[in-house]
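Peer 1: Before I ask anything, let me first share the structure, which is written out below as structure tokens.
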Amino acid sequence: SRRHKLYREELNLTSPVAPLTLRPEASWLQFHLGISRDGLYPRSSPVVNRLLRDMQDFTTISADYSQDEKALLGACDCTQIVKPSGVHLKLVLRFQDFGKAMFKPMRQKREEETPEDFFYFVDFQRHNAEIAAFHLDRILDFRRVPPTVGRLINITKEILEVTKNEILQSVFFVSPASNVCFFAKCPYMCKTEYAVCGNPHLLEGSLSAFLPSLNLAPRLSIPNPWIRSYSFDGKEEWEVNPLYCNTVREIYPYSNSNRLLNIVDMAIFDFLIGNMDRHHYEMFTKFGDDGFLLHLDNARGFGRHSHDEISILAPLSQCCIIKRTTLLRLQLLAEPEYRLSDVMRESLLQDPLAPILTEPHLLALDRRLQLILKAVRKCIDTYGEAKVVANDTTLAEAPASDRVKLTT
């Protein structure tokens, strides 16, 4: 702490800072203004690519813990560790133009598979999974994952030397190999052997753009009806009752909106990336019950390429419904000339940390896509296409006030 105090005084960092002005053309602002009822950004949005470049290139001006991690500091019991997890080893980095991104450091090498005996709730978080999830979400035309890019961070200059949080400063140390390391204090990372280290200062990580503040764009966090049991031997009702969807259909808003169809979209996305940890989902309140679901926190995806967790598809297989637009996109990505693995491979080459996924993970996407289409065919054979495929390809009729404006 004394070192950092002297460092700040030496650079005159304690002097008053002139108020910052917000540039209307700032990529973060333009990204926020582009959020609509259809998704987080328009198709082929030039703003997204500019935002990705800015997160990759802009200088970090401050670093801190995220709000949820701050809430846990001092409240953890490190004697209760089951398996070291990276769930709370993440930081908020700030940039010019009021830019803000969530930084998740590299915890696992790309070629490492999650051991088969690991429970999903104690698995590592993977920075490359966050990056790959953004690209897959864009390829599927969901546009529900915030823009995410890989970056090599100098954790000494871009985190330690710019943070004002003394607790964050205190978890940095130099390893016996002369690498700079840091660790989180809560809840699973209480020991230095669970730290992440630079080489000696540089560390890979993912940067995910922040959404507008909750004051400007309130969001709801809603439990996933197909939430898993977070115990070693528990089971949820959907895991033992194949007719569980009948119960869900009777509950508002799943009874009379497209919410259930959006849940199926989310299950398809999670099955492709192998994410079993979708316990909640978020929505913007502004768009009402029919708004899109945000696909946040995807770092537990892409852990095992050799295993397809069919249970993730329970919303699809139990409810037997799917959007026509989703089905058409999946069928297109199953065609040889538009093979999903090829499209993903090409898309991920745009990231500065490429290659993001190993070849087995890319090929697993093709295999899982076929399993999704097989589940849809089984539903259609049982109930007929009219009941299974929901037609969302026609444009909804514009409100009367909008129609007047259009005609005039």
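How things are named: the first chain in the structure tokens is A, the next is B, and so on; residues count from 1 in each chain; ligands count from 1 in the order shown.
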If we count only C-alpha atoms, what is near Lys157 of chain A at a cut-off of 10 Å, once residues fewer than 2 positions away on the same chain are taken out, given as JSON, numbers by chain?

Peer 2: {"A": [59, 60, 61, 153, 154, 155, 159, 160, 161, 162, 163, 201, 202]}

Peer 1: Go through segment 230-328 of chain A residue by residue and, counting only C-alpha atoms, keep those with an atom at most 9 Å from segment 348-364 of chain A; for each kept residue give the shortest atom pair and its distance in Å to one decimal, ordered by chain and increasing number, as a Markdown table.

Peer 2:
| residue | atom | partner | partner_atom | distance |
| --- | --- | --- | --- | --- |
| A:Leu272 | CA | A:Ala364 | CA | 8.1 |
| A:Ile273 | CA | A:His361 | CA | 8.8 |
| A:Phe302 | CA | A:His361 | CA | 6.9 |
| A:Gly303 | CA | A:His361 | CA | 8.7 |
| A:Arg304 | CA | A:His361 | CA | 7.8 |
| A:His305 | CA | A:His361 | CA | 4.9 |
| A:Ser306 | CA | A:Ala364 | CA | 7.4 |
| A:His307 | CA | A:Ala364 | CA | 8.6 |
| A:Asp308 | CA | A:Ala364 | CA | 8.2 |

Peer 1: Phe31 of chain A: which residues within 10 Å, counting only C-alpha atoms, same-chain residues fewer than 2 positions away excluded, as a PyMOL selection string?

Peer 2: chain A and resi 25-29+33-35+40-42+45-48+50-51+146-147+209-212

Peer 1: Measure the distance from atom CA of Met106 of chain A to atom CA of Glu204 of chain A in Å and round it to one decimal.

Peer 2: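 Atom CA of Glu204 of chain A lies at a distance of 5.5 Å from atom CA of Met106 of chain A.
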
Peer 1: Give the answer as one residue: which of A:Gly205, A:Leu52, A:Thr285, A:Gln67 has the shortest atom-to-atom distance to Gln108 of chain A, using only C-alpha atoms?

Peer 2: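 Nearest to Gln108 of chain A: A:Gly205.
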
Peer 1: For a quick check of understanding, using only C-alpha atoms, which of A:Glu335, A:Asp64, A:Asp270, A:Glu111 has the smallest distance to Glu158 of chain A?

Peer 2: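 Using only C-alpha atoms, the shortest distance to Glu158 of chain A belongs to A:Asp64.
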
Peer 1: For each of A:Leu220, A:Ile321, A:Val240, A:Ile268, take the minimum atom-to-atom distance to Asp289 of chain A, counting only C-alpha atoms, then give the residue where this is smallest.

Peer 2: A:Leu220

Peer 1: Run DSSP on the backbone and give me the residues of segment 241-376 of chain A it puts in strand (DSSP E or B), as a list of chain:residue names.

Peer 2: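 Output for segment 241-376 of chain A, strand (DSSP E or B) only: A:His280, A:Tyr281, A:Glu282, A:Met283, A:Phe284, A:Leu294, A:Ile322, A:Lys323.
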
Peer 1: I need the residue nearest Val149 of chain A from this list: A:Ser206, A:Lys164, A:Pro105, A:Arg110. Use only C-alpha atoms for the distance.

Peer 2: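 Of the candidates, the smallest distance to Val149 of chain A is held by A:Ser206.
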
Peer 1: Env of Lys104 of chain A: 12 Å cut, atoms = only C-alpha atoms, seq-sep filter 2 positions within chain, self excluded. Answer as a PyMOL selection string.

Peer 2: chain A and resi 65-66+86-93+101-102+106-108+124-131+148-153+155+184+196+203-209+297-300

Peer 1: To one decimal place in Å, what is the distance between atom CA of Met276 of chain A and atom CA of Leu313 of chain A?

Peer 2: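 The value is 10.2 Å.
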
Peer 1: What is the atom CA of Thr382 of chain A-atom CA of Arg249 of chain A distance in Å, reported with one decimal?

Peer 2: 18.7 Å

Peer 1: Do a neighbour search on Arg23 of chain A at 12 Å with only C-alpha atoms, toss out local chain neighbours closer than 6 positions, and write the hits as a PyMOL selection string.

Peer 2: chain A and resi 29-30+96-99

Peer 1: Nearest to Met344 of chain A among A:Asp366, A:Arg143, A:Arg43, A:Val248, with distances taken over only C-alpha atoms: which residue is it?

Peer 2: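 Selected residue with least distance to Met344 of chain A: A:Asp366.
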
Peer 1: May I have all residues of segment 277-346 of chain A that DSSP, computed from the backbone, assigns to helix (DSSP H, G or I), given as an MDAnalysis selection string?

Peer 2: chainID A and resid 285:290 310:319 324:333 336:338 340:346

Peer 1: Residues within 12 Å of Ile380 of chain A, please, as a list in words. Count only C-alpha atoms; anything in the same chain fewer than 2 positions from it doesn't count.

Peer 2: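 Residues near the query, excluding close chain neighbours: Leu316, Ser317, Cys319, Cys320, Ile321, Ile322, Leu373, Lys374, Ala375, Val376, Arg377, Lys378, Thr382, Tyr383, Gly384, Glu385, Ala386, Lys387, Val388, Val389 and Ala390 of chain A.
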
Peer 1: Could you check which of A:His135, A:Arg345, A:Arg228, A:His32 is closest to Asn275 of chain A, using only C-alpha atoms?

Peer 2: A:Arg228
